[in-house]
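Here is protein-v4.csv, consisting of CSV, C-alpha atoms and all ligand atoms:
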```csv
chain,number,residue,atom,x,y,z
A,1173,MET,CA,13.9,11.9,1.8
A,1174,SER,CA,11.6,10.9,4.6
A,1175,SER,CA,12.2,8.1,7.1
A,1176,MET,CA,9.9,5.2,7.9
A,1177,THR,CA,9.4,3.1,11.1
A,1178,LYS,CA,11.2,-0.2,11.2
A,1179,HIS,CA,9.7,-3.4,12.5
A,1180,ASP,CA,11.9,-6.5,13.0
A,1181,THR,CA,15.5,-6.6,11.8
A,1182,GLY,CA,17.8,-7.8,9.0
A,1183,ALA,CA,16.2,-9.8,6.3
A,1184,ASN,CA,12.9,-9.7,8.3
A,1185,ALA,CA,12.7,-6.0,8.4
A,1186,THR,CA,9.5,-4.2,7.3
A,1187,TRP,CA,9.1,-0.4,7.3
A,1188,THR,CA,5.8,1.5,7.6
A,1189,LYS,CA,4.6,5.0,8.1
A,1190,THR,CA,1.4,7.1,8.3
A,1191,VAL,CA,1.5,10.6,6.9
A,1192,VAL,CA,-1.2,13.3,7.0
A,1193,SER,CA,-1.3,15.8,4.1
A,1194,LYS,CA,-3.1,19.0,4.6
A,1195,THR,CA,-2.8,20.0,1.0
A,1196,ASP,CA,-4.1,16.8,-0.7
A,1197,TYR,CA,-7.2,15.7,1.1
A,1198,ARG,CA,-10.3,15.2,-1.0
A,1199,ASN,CA,-8.3,13.5,-3.8
A,1200,ILE,CA,-4.7,13.1,-4.8
A,1201,MET,CA,-3.0,13.1,-8.2
A,1202,TRP,CA,-1.5,9.7,-9.0
A,1203,THR,CA,1.8,11.5,-9.7
A,1204,ASP,CA,1.7,13.2,-6.2
A,1205,LEU,CA,1.0,9.8,-4.5
A,1206,LEU,CA,3.9,8.2,-6.4
A,1207,ALA,CA,6.1,11.2,-5.4
A,1208,ILE,CA,5.3,10.5,-1.7
A,1209,ALA,CA,6.0,6.8,-2.1
A,1210,ALA,CA,9.3,7.6,-4.0
A,1211,ASP,CA,10.4,10.1,-1.3
A,1212,HIS,CA,10.1,7.4,1.4
A,1213,TRP,CA,11.6,4.7,-0.9
A,1214,GLN,CA,14.7,6.9,-1.4
A,1215,TRP,CA,15.3,6.7,2.3
A,1216,VAL,CA,14.3,3.1,2.9
A,1217,GLN,CA,16.2,1.6,0.0
A,1218,ALA,CA,19.5,2.8,1.6
A,1219,GLN,CA,18.7,1.0,4.9
A,1220,PRO,CA,20.5,-2.4,5.7
A,1221,GLY,CA,18.2,-5.3,4.7
A,1222,ALA,CA,15.9,-3.2,2.6
A,1223,TYR,CA,16.1,-5.4,-0.5
A,1224,THR,CA,14.7,-8.9,-0.6
A,1225,ALA,CA,16.8,-11.9,-1.8
A,1226,GLN,CA,15.1,-11.4,-5.1
A,1227,GLY,CA,16.5,-7.9,-5.4
A,1228,SER,CA,13.2,-6.0,-4.7
A,1229,CYS,CA,12.6,-3.0,-2.6
A,1230,LEU,CA,9.1,-1.5,-2.9
A,1231,VAL,CA,7.0,1.1,-1.1
A,1232,ALA,CA,3.2,1.0,-1.4
A,1233,ALA,CA,1.2,4.2,-0.7
A,1234,LEU,CA,-2.5,4.1,0.1
A,1235,PHE,CA,-4.3,7.4,0.2
A,1236,LEU,CA,-7.4,8.0,2.4
A,1237,PRO,CA,-9.3,11.2,1.5
A,1238,SER,CA,-10.6,13.2,4.4
A,1239,THR,CA,-11.7,16.8,4.8
A,1240,LYS,CA,-9.6,16.8,8.0
A,1241,GLY,CA,-6.5,16.1,5.9
A,1242,GLY,CA,-5.6,13.2,3.5
A,1243,VAL,CA,-3.9,10.3,5.2
A,1244,ILE,CA,-1.2,8.2,3.3
A,1245,PHE,CA,-0.4,4.7,4.6
A,1246,LEU,CA,3.0,3.5,3.5
A,1247,SER,CA,4.5,0.0,3.7
A,1248,THR,CA,7.4,-2.0,2.3
A,1249,ILE,CA,7.1,-5.8,1.6
A,1250,PRO,CA,5.8,-7.3,4.9
A,1251,ARG,CA,8.3,-9.8,6.4
A,1252,GLY,CA,9.2,-11.3,9.7
A,1253,THR,CA,7.0,-10.3,12.7
A,1254,LYS,CA,4.9,-8.0,10.5
A,1255,HIS,CA,4.1,-10.8,8.1
A,1256,THR,CA,3.1,-13.0,11.1
A,1257,GLU,CA,1.0,-10.2,12.6
A,1258,MET,CA,-0.8,-9.8,9.3
A,1259,MET,CA,-1.4,-13.5,8.8
A,1260,ASN,CA,-3.1,-13.5,12.2
A,1261,GLY,CA,-5.1,-10.4,11.2
A,1262,ALA,CA,-8.5,-12.0,10.6
A,1263,ARG,CA,-10.0,-10.0,13.5
A,1264,THR,CA,-7.9,-6.8,13.3
A,1265,ALA,CA,-8.2,-6.3,9.6
A,1266,PRO,CA,-11.2,-8.5,8.5
A,1267,ALA,CA,-11.8,-6.9,5.1
A,1268,TRP,CA,-8.1,-7.1,4.0
A,1269,PHE,CA,-7.8,-10.6,5.4
A,1270,ARG,CA,-10.8,-11.8,3.5
A,1271,ALA,CA,-9.7,-10.1,0.2
A,1272,THR,CA,-6.2,-11.5,0.4
A,1273,THR,CA,-6.6,-15.0,1.9
A,1274,GLY,CA,-10.2,-15.7,0.8
A,1275,GLY,CA,-10.9,-15.8,4.6
A,1276,THR,CA,-10.6,-19.6,4.6
A,1277,GLY,CA,-8.0,-21.0,7.1
A,1278,ARG,CA,-4.6,-19.4,7.5
A,1279,ALA,CA,-2.3,-19.6,4.5
A,1280,THR,CA,0.7,-18.9,6.7
A,1281,GLY,CA,3.1,-19.3,3.8
A,1282,LEU,CA,1.4,-16.7,1.7
A,1283,LYS,CA,3.8,-14.2,0.3
A,1284,LEU,CA,2.5,-10.8,1.1
A,1285,HIS,CA,3.2,-7.7,-1.1
A,1286,ALA,CA,3.8,-4.1,-0.1
A,1287,GLU,CA,0.2,-3.3,-1.1
A,1288,ASP,CA,-1.0,-5.7,1.6
A,1289,GLY,CA,1.1,-3.9,4.1
A,1290,ALA,CA,-0.4,-0.5,3.3
A,1291,GLU,CA,-4.0,-1.9,3.4
A,1292,PHE,CA,-3.3,-3.7,6.7
A,1293,LEU,CA,-1.8,-0.5,8.1
A,1294,PHE,CA,-4.9,1.5,7.2
A,1295,GLU,CA,-7.4,-1.1,8.4
A,1296,THR,CA,-5.8,-1.6,11.8
A,1297,SER,CA,-5.5,2.2,12.3
A,1298,ALA,CA,-8.0,4.5,14.0
A,1299,TYR,CA,-8.7,6.0,10.6
A,1300,ALA,CA,-10.5,2.9,9.5
A,1301,LYS,CA,-13.4,3.6,11.8
A,1302,GLY,CA,-16.6,4.3,9.7
A,1303,ILE,CA,-14.7,3.6,6.4
A,1304,VAL,CA,-14.7,-0.2,6.5
A,1305,LYS,CA,-18.2,-1.4,5.5
A,1306,ASN,CA,-19.3,-4.8,4.2
A,1307,PHE,CA,-15.6,-5.8,3.8
A,1308,GLN,CA,-14.9,-2.8,1.6
A,1309,TYR,CA,-13.3,0.6,2.1
A,1310,VAL,CA,-15.8,3.3,1.4
A,1311,THR,CA,-15.1,7.0,2.1
A,1312,PRO,CA,-17.8,9.5,2.8
A,1313,ASP,CA,-19.2,11.6,-0.1
A,1314,ARG,CA,-18.2,14.8,1.7
A,1315,ASP,CA,-14.6,13.7,1.6
A,1316,ASN,CA,-14.4,12.3,-1.9
A,1317,HIS,CA,-17.2,11.8,-4.4
A,1318,HIS,CA,-15.4,8.8,-5.9
A,1319,GLY,CA,-15.8,7.1,-2.5
A,1320,GLN,CA,-12.5,5.4,-3.2
A,1321,MET,CA,-9.0,5.3,-1.7
A,1322,ARG,CA,-6.0,5.2,-4.0
A,1323,LEU,CA,-3.1,2.8,-4.1
A,1324,ALA,CA,0.3,3.2,-5.9
A,1325,VAL,CA,3.7,1.6,-5.6
A,1326,TRP,CA,7.2,3.0,-6.1
A,1327,GLY,CA,10.5,1.1,-6.1
A,1328,ARG,CA,12.9,-1.3,-7.7
A,1329,HIS,CA,12.8,-4.8,-9.1
A,1330,ARG,CA,16.1,-6.2,-10.3
A,1331,THR,CA,15.6,-4.7,-13.7
A,1332,SER,CA,14.5,-1.2,-12.5
A,1333,PRO,CA,16.5,2.0,-13.0
A,1334,ALA,CA,18.6,3.0,-9.9
A,1335,GLN,CA,16.2,5.9,-9.0
A,1336,GLY,CA,13.3,3.4,-8.8
A,1337,GLU,CA,10.1,3.6,-10.9
A,1338,SER,CA,6.3,3.4,-10.7
A,1339,ILE,CA,5.6,-0.3,-10.2
A,1340,ALA,CA,2.3,-1.7,-11.5
A,1341,LEU,CA,0.3,-4.0,-9.2
A,1342,CYS,CA,1.3,-7.6,-9.8
A,1343,THR,CA,-0.1,-9.4,-12.9
A,1344,ALA,CA,2.3,-12.4,-12.7
A,1345,GLY,CA,3.8,-14.5,-10.0
A,1346,GLU,CA,2.5,-17.0,-7.4
A,1347,LYS,CA,0.4,-14.7,-5.2
A,1348,GLN,CA,-3.3,-15.6,-5.4
A,1349,PRO,CA,-5.4,-13.5,-5.5
A,1350,LYS,CA,-3.2,-10.9,-7.0
A,1351,CYS,CA,-3.0,-7.4,-5.7
A,1352,PRO,CA,-5.3,-5.8,-8.4
A,1353,ALA,CA,-8.0,-8.4,-7.4
A,1354,VAL,CA,-7.5,-7.6,-3.7
A,1355,ALA,CA,-7.7,-3.8,-4.4
A,1356,ARG,CA,-10.9,-4.3,-6.4
A,1357,ALA,CA,-12.4,-6.5,-3.7
A,1358,LEU,CA,-11.7,-3.7,-1.2
A,1359,ASN,CA,-13.0,-0.9,-3.5
A,1360,VAL,CA,-9.5,0.7,-3.8
A,1361,ALA,CA,-8.5,2.4,-7.0
A,1362,TYR,CA,-5.0,1.5,-8.1
A,1363,CYS,CA,-2.4,3.2,-10.2
A,1364,GLU,CA,-2.0,2.2,-13.8
A,1365,GLN,CA,0.2,3.7,-16.5
A,1366,TYR,CA,-2.6,5.1,-18.6
A,1367,LYS,CA,-3.9,7.0,-15.5
A,1368,VAL,CA,-0.5,8.7,-15.0
A,1369,ARG,CA,-0.2,9.5,-18.7
A,1370,PHE,CA,-3.7,11.0,-18.7
A,1371,GLU,CA,-2.7,13.3,-15.8
A,1372,GLU,CA,0.5,14.3,-17.4
A,1373,GLN,CA,-1.3,15.2,-20.7
A,1374,ASN,CA,-4.0,17.2,-18.8
A,1375,ARG,CA,-1.8,19.3,-16.5
B,1401,ZN,ZN,1.2,-7.9,-5.7
```
Could you rewrite the structure in this file as structure tokens?
Amino acid sequence: MSSMTKHDTGANATWTKTVVSKTDYRNIMWTDLLAIAADHWQWVQAQPGAYTAQGSCLVAALFLPSTKGGVIFLSTIPRGTKHTEMMNGARTAPAWFRATTGGTGRATGLKLHAEDGAEFLFETSAYAKGIVKNFQYVTPDRDNHHGQMRLAVWGRHRTSPAQGESIALCTAGEKQPKCPAVARALNVAYCEQYKVRFEEQNR
């Protein structure tokens, strides 16, 4: 289990972390990215206030390929001061802000998801320099011929098994635009069940 850094307290707590992997750098298997998210989730789900009132605790993991070492940006569901910081992030994370809010005005009541937290963490980091172009995340060919970052989520909704599970990006619910649309707008590849199955069958 690996710890994460806490922002704010109680029901407003959000946890984030940035991890550099020397082994996975040009690309990462979906199963390996999920394993990293699960490892941090195991720790964070035991922390006080980790679960939302709706009974969710999720960790999103966003992988940035780099020949200097792959970087994984991790976040739980943004709440409290982290949520406020993100909703004021038009200048600090313009690509994410435009993709998530449409860039028009500030929808301060917008419910952000863990995926938003990971994207925001990346875009406000020093690693974003040279990657964010025309409101998209584009990695250099030398680092990854796909030119894409990868996003996966591990955790628990109310109905999930105790050990957590791979969580698909949202397809239902009130959030607009939904996380898959935000990822596509940012040029981020996201985990889907068939991609994990394909890896497992081709090991
Ligand atoms: Zn979502």
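Taking only C-alpha atoms and all ligand atoms into account, ligand ZN 1401 (chain B) lies nearest to A:Glu1287 out of the set A:Glu1371, A:Glu1364, A:Glu1287, A:Glu1337.
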Residue with smallest distance to Thr1190 in chain A - pool A:Ala1340, A:Ala1232, A:Val1360, A:Ile1303, counting only C-alpha atoms: A:Ala1232
Chain A residues near ligand ZN 1401 (chain B) within 12 Å, closest pair each, using only C-alpha atoms and all ligand atoms, as a Markdown table:
```
| residue | atom | partner | partner_atom | distance |
| --- | --- | --- | --- | --- |
| A:Leu1230 | CA | B:ZN1401 | ZN | 10.5 |
| A:Val1231 | CA | B:ZN1401 | ZN | 11.7 |
| A:Ala1232 | CA | B:ZN1401 | ZN | 10.1 |
| A:Thr1248 | CA | B:ZN1401 | ZN | 11.7 |
| A:Ile1249 | CA | B:ZN1401 | ZN | 9.6 |
| A:Pro1250 | CA | B:ZN1401 | ZN | 11.6 |
| A:Thr1272 | CA | B:ZN1401 | ZN | 10.2 |
| A:Leu1282 | CA | B:ZN1401 | ZN | 11.5 |
| A:Lys1283 | CA | B:ZN1401 | ZN | 9.1 |
| A:Leu1284 | CA | B:ZN1401 | ZN | 7.5 |
| A:His1285 | CA | B:ZN1401 | ZN | 5.0 |
| A:Ala1286 | CA | B:ZN1401 | ZN | 7.2 |
| A:Glu1287 | CA | B:ZN1401 | ZN | 6.6 |
| A:Asp1288 | CA | B:ZN1401 | ZN | 7.9 |
| A:Gly1289 | CA | B:ZN1401 | ZN | 10.6 |
| A:Ala1290 | CA | B:ZN1401 | ZN | 11.8 |
| A:Leu1323 | CA | B:ZN1401 | ZN | 11.6 |
| A:Ala1324 | CA | B:ZN1401 | ZN | 11.1 |
| A:Val1325 | CA | B:ZN1401 | ZN | 9.8 |
| A:Ile1339 | CA | B:ZN1401 | ZN | 9.9 |
| A:Ala1340 | CA | B:ZN1401 | ZN | 8.6 |
| A:Leu1341 | CA | B:ZN1401 | ZN | 5.3 |
| A:Cys1342 | CA | B:ZN1401 | ZN | 4.1 |
| A:Thr1343 | CA | B:ZN1401 | ZN | 7.5 |
| A:Ala1344 | CA | B:ZN1401 | ZN | 8.4 |
| A:Gly1345 | CA | B:ZN1401 | ZN | 8.3 |
| A:Glu1346 | CA | B:ZN1401 | ZN | 9.3 |
| A:Lys1347 | CA | B:ZN1401 | ZN | 6.9 |
| A:Gln1348 | CA | B:ZN1401 | ZN | 8.9 |
| A:Pro1349 | CA | B:ZN1401 | ZN | 8.7 |
| A:Lys1350 | CA | B:ZN1401 | ZN | 5.5 |
| A:Cys1351 | CA | B:ZN1401 | ZN | 4.2 |
| A:Pro1352 | CA | B:ZN1401 | ZN | 7.3 |
| A:Ala1353 | CA | B:ZN1401 | ZN | 9.4 |
| A:Val1354 | CA | B:ZN1401 | ZN | 8.9 |
| A:Ala1355 | CA | B:ZN1401 | ZN | 9.9 |
| A:Tyr1362 | CA | B:ZN1401 | ZN | 11.5 |
```
The distance between CA of Ile1244 in chain A and CA of Val1192 in chain A is 6.3 Å
Determine, counting only C-alpha atoms, which protein, DNA and RNA residues have an atom within 8 Å of an atom of range 1307-1310 of chain A; residues of the same chain fewer than 5 positions away are not included. Present the result as a VMD selection string. chain A and resid 1266 to 1268 1270 1319 to 1321 1357 to 1360
With all atoms listed in the file as the basis for distance, which of A:Ser1174, A:Ser1338, A:Thr1181, A:Asn1306 is at the shortest distance from Asp1211 in chain A? A:Ser1174
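Taking CA of Ser1247 in chain A and CA of Trp1187 in chain A as the two end points, the separation is 5.9 Å.
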Counting all atoms listed in the file, the residue of A:Arg1330, A:His1179, A:Arg1198, A:His1212 that sits nearest Gln1226 in chain A: A:Arg1330
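Atom to atom, CA of Asp1315 in chain A and CA of Phe1269 in chain A stand 25.5 Å apart.
Residue nearest Pro1237 in chain A within the list A:Lys1305, A:Arg1263, A:His1317, A:Arg1375: A:His1317 [criterion: smallest interatomic distance, only C-alpha atoms].
Using all atoms listed in the file, every residue with an atom at most 10 Å from the point (13.9, 0.3, -9.7) is listed here: A:Gly1227, A:Ser1228, A:Cys1229, A:Leu1230, A:Trp1326, A:Gly1327, A:Arg1328, A:His1329, A:Arg1330, A:Thr1331, A:Ser1332, A:Pro1333, A:Ala1334, A:Gln1335, A:Gly1336, A:Glu1337, A:Ser1338, A:Ile1339.
Compared by their closest atoms to Lys1194 in chain A, and using all atoms listed in the file, the residues A:Ile1208, A:Thr1239, A:Gln1217, A:Ala1225 rank with A:Thr1239 nearest.
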Around the point (-3.5, 1.2, 6.3) (coordinates from the file), which residues reach within 9 Å if we count all atoms listed in the file? Answer as a count of residues only. 21
